[in-house]
Amino acid sequence: MSNDLFSEFQPVSSKQWKQQIQYDLKGADYNETLVWESPEGIKVKPFYHIDEQKGFLASDHTPEFKICQNIFVFDLEKSADRALETLNRGAESIRFTIEDETIDVAKLVAKLPLEHTTVYFNLLFLSIDFVKKIDTIAKEKNATIFVQIDPVGRLAKEGNWHTNLESDLDSLNTLSIACQNIHLISVDGGLYQNAGANAVQQIAYILAHANEYFNRVATISKPITIQVAVGTNYFFEIAKLRSIRLLFNLLAKEYDHDFECHILAIPTKRNKTLYDYNVNMLRTTTECMSAILGGADAVSNLAYDTLYHKDNEFGDRISRNQLLVLKHESYFDKVSNPSDGSYYIEELTTQLTEKALNLFKDIEANGGFITQLMEGTIQRKIQESAAKEQELFDSGKEILLGTNKYPNKNDRMSHDLELFPFVKIKSRKTLISPIIEKRLAEKMEQERLETEKEPQ
């Protein structure tokens, strides 16, 4: 039997497809009927063909993504026990978020099998002594540890440095020389997505954000960690992650940096909802799929009830099981670069990359990322993008099922709130206006919660 199974079929050109589509449209305009434009200004066609391909952007990067469990450290012993338990239940790496520098980090990880478990420390403070303790642990245990330190990200999110620009960057330079056993520098790109930036802005801001460290940190000897938030636009999100890696590698070469970035992906909170919360599981599933197919090195899922419940065993287990199904039952980690060669994804990657590179060059030509943060330019651009998306949601053109489409009027949530699910306003003096993360459904949900208080 011949291996050439399709030799009896004649190839169909792009022109022939368009002629057939135009015939089927019975006179309707092809561009007006079937071509739509994304918020990034990308015109999306109904089909893509090899005739129109300029070339492929294939990557040699073939990650075996790690299932990562988020743990906020409040009680040391409970957090340590929970970390070990989640590893026994399928997690492959742990991400500790720590806001108290008096935490005994050695005790926190003492029970963990560090020789084959990747650990992330998301530190909400900047302490040279604390990070040196982690470096010592990494050396003694031969452990792979990522310490997420991001002073520029703190400025963007909180409006202030830990101390000031000079002091924060001096500390980072000191640590980059003293700590050779850990991955140190991190870029919080998830902030921009959760605040409403479009895909081109996210890629460009992540690149410009990373470039500040290349310019200001003398010794970068380990991969930079890029944390990204993954949205609901499935194919665009795959292309977004591919574009981030491609552009980062291009930028790194300019500084003779030989390491690829390390991408930690987390589903966005922007499209998550308080009402009909089970739909959040569907959203996070497709977002995790995009992250994996886009080439993330690690994926940390969000629990379906993360907006209104404190961390709990059931929510953690469900979110972890979503990733276990994708990995061990759907075999998402078994194909090398599965999105390579898809004409649609290749075209999206090309266009996102070109547009983001142009925006990055504009940022650099106007003083760089920190300068544009200080001037408020980045914040204004994100607010403009977020306002456009909010308008689409408010008008019903962007749909969140169970919230602005087919809501369950009998659904009640006010009795179940353990956490405040809306933007928190902090009265404090800031150096710049912070970038504010906000969900699309917040205003609508607040109105619904108010009606629950009214007499029935």
# chains A, B, ... in the order shown; residues from 1 in each chain; ligands from 1

$ select_by_dssp --residues "stretch 32-145 of chain A" --states "helix (DSSP H, G or I)" --output "count of residues only"
41

$ residues_around --residues "A:Met444" --least-positions-apart "2" --cutoff "12 Å" --atoms "only C-alpha atoms" --output "ChimeraX atom specification"
/A:273-275,390,393-396,400,402-405,407,422,439-442,446-451

$ residues_around --residues "A:Ile145" --least-positions-apart "2" --cutoff "10 Å" --atoms "only C-alpha atoms" --output "number ranges by chain"
A: 93-95, 114, 117-121, 134-135, 137-139, 142-143, 147-148, 181-184

$ residues_around --residues "A:Trp161" --least-positions-apart "3" --cutoff "10 Å" --atoms "only C-alpha atoms" --output "CSV table (one decimal) with all heavy atoms, in the first residue's frame"
chain,number,residue,atom,x,y,z
A,126,LEU,N,11.6,42.9,49.8
A,126,LEU,CA,12.9,42.7,49.2
A,126,LEU,C,13.9,42.7,50.4
A,126,LEU,O,14.1,43.7,51.0
A,126,LEU,CB,13.2,43.9,48.3
A,126,LEU,CG,14.6,43.9,47.6
A,126,LEU,CD1,14.9,42.6,46.8
A,126,LEU,CD2,14.7,45.1,46.7
A,150,ASP,N,10.8,41.4,41.8
A,150,ASP,CA,10.5,42.2,40.6
A,150,ASP,C,10.2,43.7,41.1
A,150,ASP,O,9.0,44.1,41.2
A,150,ASP,CB,9.3,41.6,39.9
A,150,ASP,CG,8.9,42.4,38.7
A,150,ASP,OD1,9.7,43.3,38.2
A,150,ASP,OD2,7.8,42.2,38.2
A,151,PRO,N,11.2,44.4,41.4
A,151,PRO,CA,11.0,45.8,41.9
A,151,PRO,C,10.2,46.7,40.9
A,151,PRO,O,9.4,47.5,41.3
A,151,PRO,CB,12.4,46.4,42.1
A,151,PRO,CG,13.3,45.1,42.3
A,151,PRO,CD,12.7,44.1,41.4
A,152,VAL,N,10.5,46.5,39.6
A,152,VAL,CA,9.8,47.3,38.6
A,152,VAL,C,8.3,46.9,38.6
A,152,VAL,O,7.4,47.8,38.5
A,152,VAL,CB,10.4,47.1,37.2
A,152,VAL,CG1,9.6,47.9,36.2
A,152,VAL,CG2,11.8,47.6,37.2
A,153,GLY,N,8.0,45.6,38.8
A,153,GLY,CA,6.7,45.2,38.9
A,153,GLY,C,5.9,45.7,40.1
A,153,GLY,O,4.8,46.0,40.1
A,154,ARG,N,6.7,45.8,41.2
A,154,ARG,CA,6.1,46.4,42.4
A,154,ARG,C,5.7,47.9,42.2
A,154,ARG,O,4.7,48.3,42.6
A,154,ARG,CB,7.1,46.3,43.6
A,154,ARG,CG,6.5,47.0,44.9
A,154,ARG,CD,7.5,46.9,46.0
A,154,ARG,NE,7.1,47.7,47.1
A,154,ARG,CZ,6.2,47.4,48.0
A,154,ARG,NH1,5.7,46.2,48.0
A,154,ARG,NH2,5.9,48.2,49.0
A,155,LEU,N,6.6,48.6,41.5
A,155,LEU,CA,6.3,50.0,41.2
A,155,LEU,C,5.1,50.1,40.4
A,155,LEU,O,4.2,50.9,40.6
A,155,LEU,CB,7.5,50.6,40.4
A,155,LEU,CG,7.3,52.0,39.9
A,155,LEU,CD1,7.2,53.0,41.1
A,155,LEU,CD2,8.4,52.5,38.9
A,156,ALA,N,4.9,49.2,39.3
A,156,ALA,CA,3.8,49.3,38.5
A,156,ALA,C,2.5,48.9,39.2
A,156,ALA,O,1.5,49.6,39.0
A,156,ALA,CB,4.0,48.3,37.3
A,157,LYS,N,2.6,47.9,40.1
A,157,LYS,CA,1.4,47.4,40.8
A,157,LYS,C,1.0,48.3,42.0
A,157,LYS,O,-0.2,48.5,42.2
A,157,LYS,CB,1.6,46.0,41.2
A,157,LYS,CG,0.3,45.3,41.7
A,157,LYS,CD,0.5,43.8,41.9
A,157,LYS,CE,-0.7,43.2,42.4
A,157,LYS,NZ,-0.6,41.7,42.6
A,158,GLU,N,2.0,48.7,42.8
A,158,GLU,CA,1.7,49.3,44.1
A,158,GLU,C,1.9,50.9,44.0
A,158,GLU,O,1.4,51.6,44.9
A,158,GLU,CB,2.6,48.8,45.1
A,158,GLU,CG,2.5,47.3,45.4
A,158,GLU,CD,1.1,46.9,46.0
A,158,GLU,OE1,0.5,47.8,46.6
A,158,GLU,OE2,0.7,45.8,45.8
A,164,ASN,N,13.5,52.7,47.1
A,164,ASN,CA,13.6,53.7,46.0
A,164,ASN,C,14.3,53.0,44.9
A,164,ASN,O,14.8,51.9,45.0
A,164,ASN,CB,14.3,55.0,46.4
A,164,ASN,CG,15.7,54.8,47.0
A,164,ASN,OD1,16.5,54.2,46.3
A,164,ASN,ND2,15.9,55.3,48.2
A,165,LEU,N,14.3,53.6,43.7
A,165,LEU,CA,14.9,53.0,42.5
A,165,LEU,C,16.4,52.6,42.7
A,165,LEU,O,16.7,51.4,42.5
A,165,LEU,CB,14.8,54.0,41.3
A,165,LEU,CG,15.2,53.4,39.9
A,165,LEU,CD1,14.5,54.2,38.8
A,165,LEU,CD2,16.8,53.5,39.7
A,166,GLU,N,17.2,53.5,43.3
A,166,GLU,CA,18.6,53.2,43.4
A,166,GLU,C,18.8,52.0,44.4
A,166,GLU,O,19.6,51.1,44.2
A,166,GLU,CB,19.4,54.4,43.9
A,166,GLU,CG,19.5,55.5,42.9
A,166,GLU,CD,18.2,56.3,42.7
A,166,GLU,OE1,17.3,56.2,43.6
A,166,GLU,OE2,18.1,57.0,41.7
A,167,SER,N,18.1,52.1,45.6
A,167,SER,CA,18.3,51.1,46.6
A,167,SER,C,17.8,49.7,46.1
A,167,SER,O,18.5,48.7,46.3
A,167,SER,CB,17.5,51.5,47.9
A,167,SER,OG,17.7,50.5,48.9
A,168,ASP,N,16.6,49.7,45.5
A,168,ASP,CA,16.1,48.4,45.0
A,168,ASP,C,17.0,47.8,44.0
A,168,ASP,O,17.2,46.6,44.0
A,168,ASP,CB,14.7,48.6,44.4
A,168,ASP,CG,13.6,48.9,45.5
A,168,ASP,OD1,14.0,49.0,46.6
A,168,ASP,OD2,12.4,48.9,45.1
A,169,LEU,N,17.5,48.6,43.0
A,169,LEU,CA,18.3,48.0,42.0
A,169,LEU,C,19.7,47.6,42.5
A,169,LEU,O,20.3,46.6,42.1
A,169,LEU,CB,18.4,48.9,40.8
A,169,LEU,CG,17.4,48.8,39.7
A,169,LEU,CD1,17.4,47.4,39.0
A,169,LEU,CD2,16.0,49.1,40.2
A,430,THR,N,1.4,57.5,46.9
A,430,THR,CA,2.2,56.7,45.9
A,430,THR,C,3.0,57.6,45.1
A,430,THR,O,2.7,58.8,44.8
A,430,THR,CB,1.3,55.8,45.0
A,430,THR,OG1,0.4,56.7,44.3
A,430,THR,CG2,0.5,54.8,45.9
A,431,LEU,N,4.2,57.0,44.6
A,431,LEU,CA,5.0,57.8,43.7
A,431,LEU,C,4.4,58.0,42.4
A,431,LEU,O,4.6,59.1,41.7
A,431,LEU,CB,6.4,57.0,43.6
A,431,LEU,CG,7.5,57.7,42.8
A,431,LEU,CD1,8.0,59.0,43.5
A,431,LEU,CD2,8.7,56.7,42.7
A,432,ILE,N,3.7,57.0,41.9
A,432,ILE,CA,3.0,57.1,40.6
A,432,ILE,C,1.6,56.4,40.7
A,432,ILE,O,1.3,55.8,41.8
A,432,ILE,CB,3.8,56.3,39.5
A,432,ILE,CG1,3.8,54.8,39.8
A,432,ILE,CG2,5.2,56.8,39.3
A,432,ILE,CD1,4.3,53.9,38.7

$ residues_around --residues "A:Asn173" --least-positions-apart "4" --cutoff "7 Å" --atoms "only C-alpha atoms" --output "number ranges by chain"
A: 169, 177, 217-218

$ write_last_selection --atoms "N, CA, C and O atoms" --output "mmCIF file, in the first residue's frame"
data_model
loop_
_atom_site.group_PDB
_atom_site.id
_atom_site.type_symbol
_atom_site.label_atom_id
_atom_site.label_comp_id
_atom_site.auth_asym_id
_atom_site.auth_seq_id
_atom_site.Cartn_x
_atom_site.Cartn_y
_atom_site.Cartn_z
ATOM 1 N N LEU A 169 17.457 48.551 43.015
ATOM 2 C CA LEU A 169 18.315 47.978 41.971
ATOM 3 C C LEU A 169 19.689 47.611 42.520
ATOM 4 O O LEU A 169 20.305 46.632 42.066
ATOM 5 N N ILE A 177 24.908 38.782 42.165
ATOM 6 C CA ILE A 177 26.308 38.366 42.282
ATOM 7 C C ILE A 177 26.475 37.327 43.387
ATOM 8 O O ILE A 177 27.179 36.329 43.221
ATOM 9 N N VAL A 217 20.900 45.589 35.676
ATOM 10 C CA VAL A 217 21.511 44.537 36.493
ATOM 11 C C VAL A 217 22.739 44.027 35.756
ATOM 12 O O VAL A 217 22.643 43.516 34.632
ATOM 13 N N ALA A 218 23.900 44.163 36.382
ATOM 14 C CA ALA A 218 25.155 43.867 35.693
ATOM 15 C C ALA A 218 25.348 42.395 35.397
ATOM 16 O O ALA A 218 25.865 42.019 34.345
#

$ closest_residue --among "A:Lys111, A:Pro11, A:Gly196, A:Phe125" --to "A:Ala387" --atoms "only C-alpha atoms"
A:Gly196

$ residues_around --residues "A:Ser13" --least-positions-apart "3" --cutoff "12 Å" --atoms "only C-alpha atoms" --output "MDAnalysis selection string"
chainID A and resid 10 16:20 47:52

$ closest_residue --among "A:Leu419, A:Ala210, A:Ile244, A:Ala229" --to "A:His309" --atoms "only C-alpha atoms"
A:Leu419

$ closest_atom_pairs --of "stretch 99-203 of chain A" --to "stretch 352-371 of chain A" --cutoff "8 Å" --atoms "only C-alpha atoms" --output "CSV"
residue,atom,partner,partner_atom,distance
A:Val152,CA,A:Ile370,CA,7.4
A:Ala199,CA,A:Leu352,CA,7.5
A:Val200,CA,A:Ala356,CA,4.9
A:Gln201,CA,A:Ala356,CA,6.6
A:Ile203,CA,A:Ala356,CA,5.9

$ write_last_selection --atoms "N, CA, C and O atoms" --output "compact mmCIF listing (two decimals), in the first residue's frame"
# COMPACT_ATOMS: atom_id res chain seq x y z
N VAL A 152 10.51 46.51 39.63
CA VAL A 152 9.78 47.30 38.62
C VAL A 152 8.29 46.91 38.63
O VAL A 152 7.41 47.76 38.50
N ALA A 199 -3.29 42.13 23.82
CA ALA A 199 -2.18 41.19 23.68
C ALA A 199 -0.90 41.87 23.21
O ALA A 199 0.19 41.54 23.70
N VAL A 200 -1.00 42.79 22.27
CA VAL A 200 0.19 43.50 21.79
C VAL A 200 0.83 44.30 22.91
O VAL A 200 2.06 44.29 23.10
N GLN A 201 0.01 45.00 23.68
CA GLN A 201 0.53 45.77 24.81
C GLN A 201 1.21 44.86 25.83
O GLN A 201 2.30 45.16 26.33
N ILE A 203 2.68 41.95 25.45
CA ILE A 203 3.98 41.46 24.96
C ILE A 203 5.02 42.57 25.02
O ILE A 203 6.14 42.38 25.51

$ atom_distance --atom1 "atom CA of A:Asp416" --atom2 "atom CA of A:Tyr308"
7.3 Å
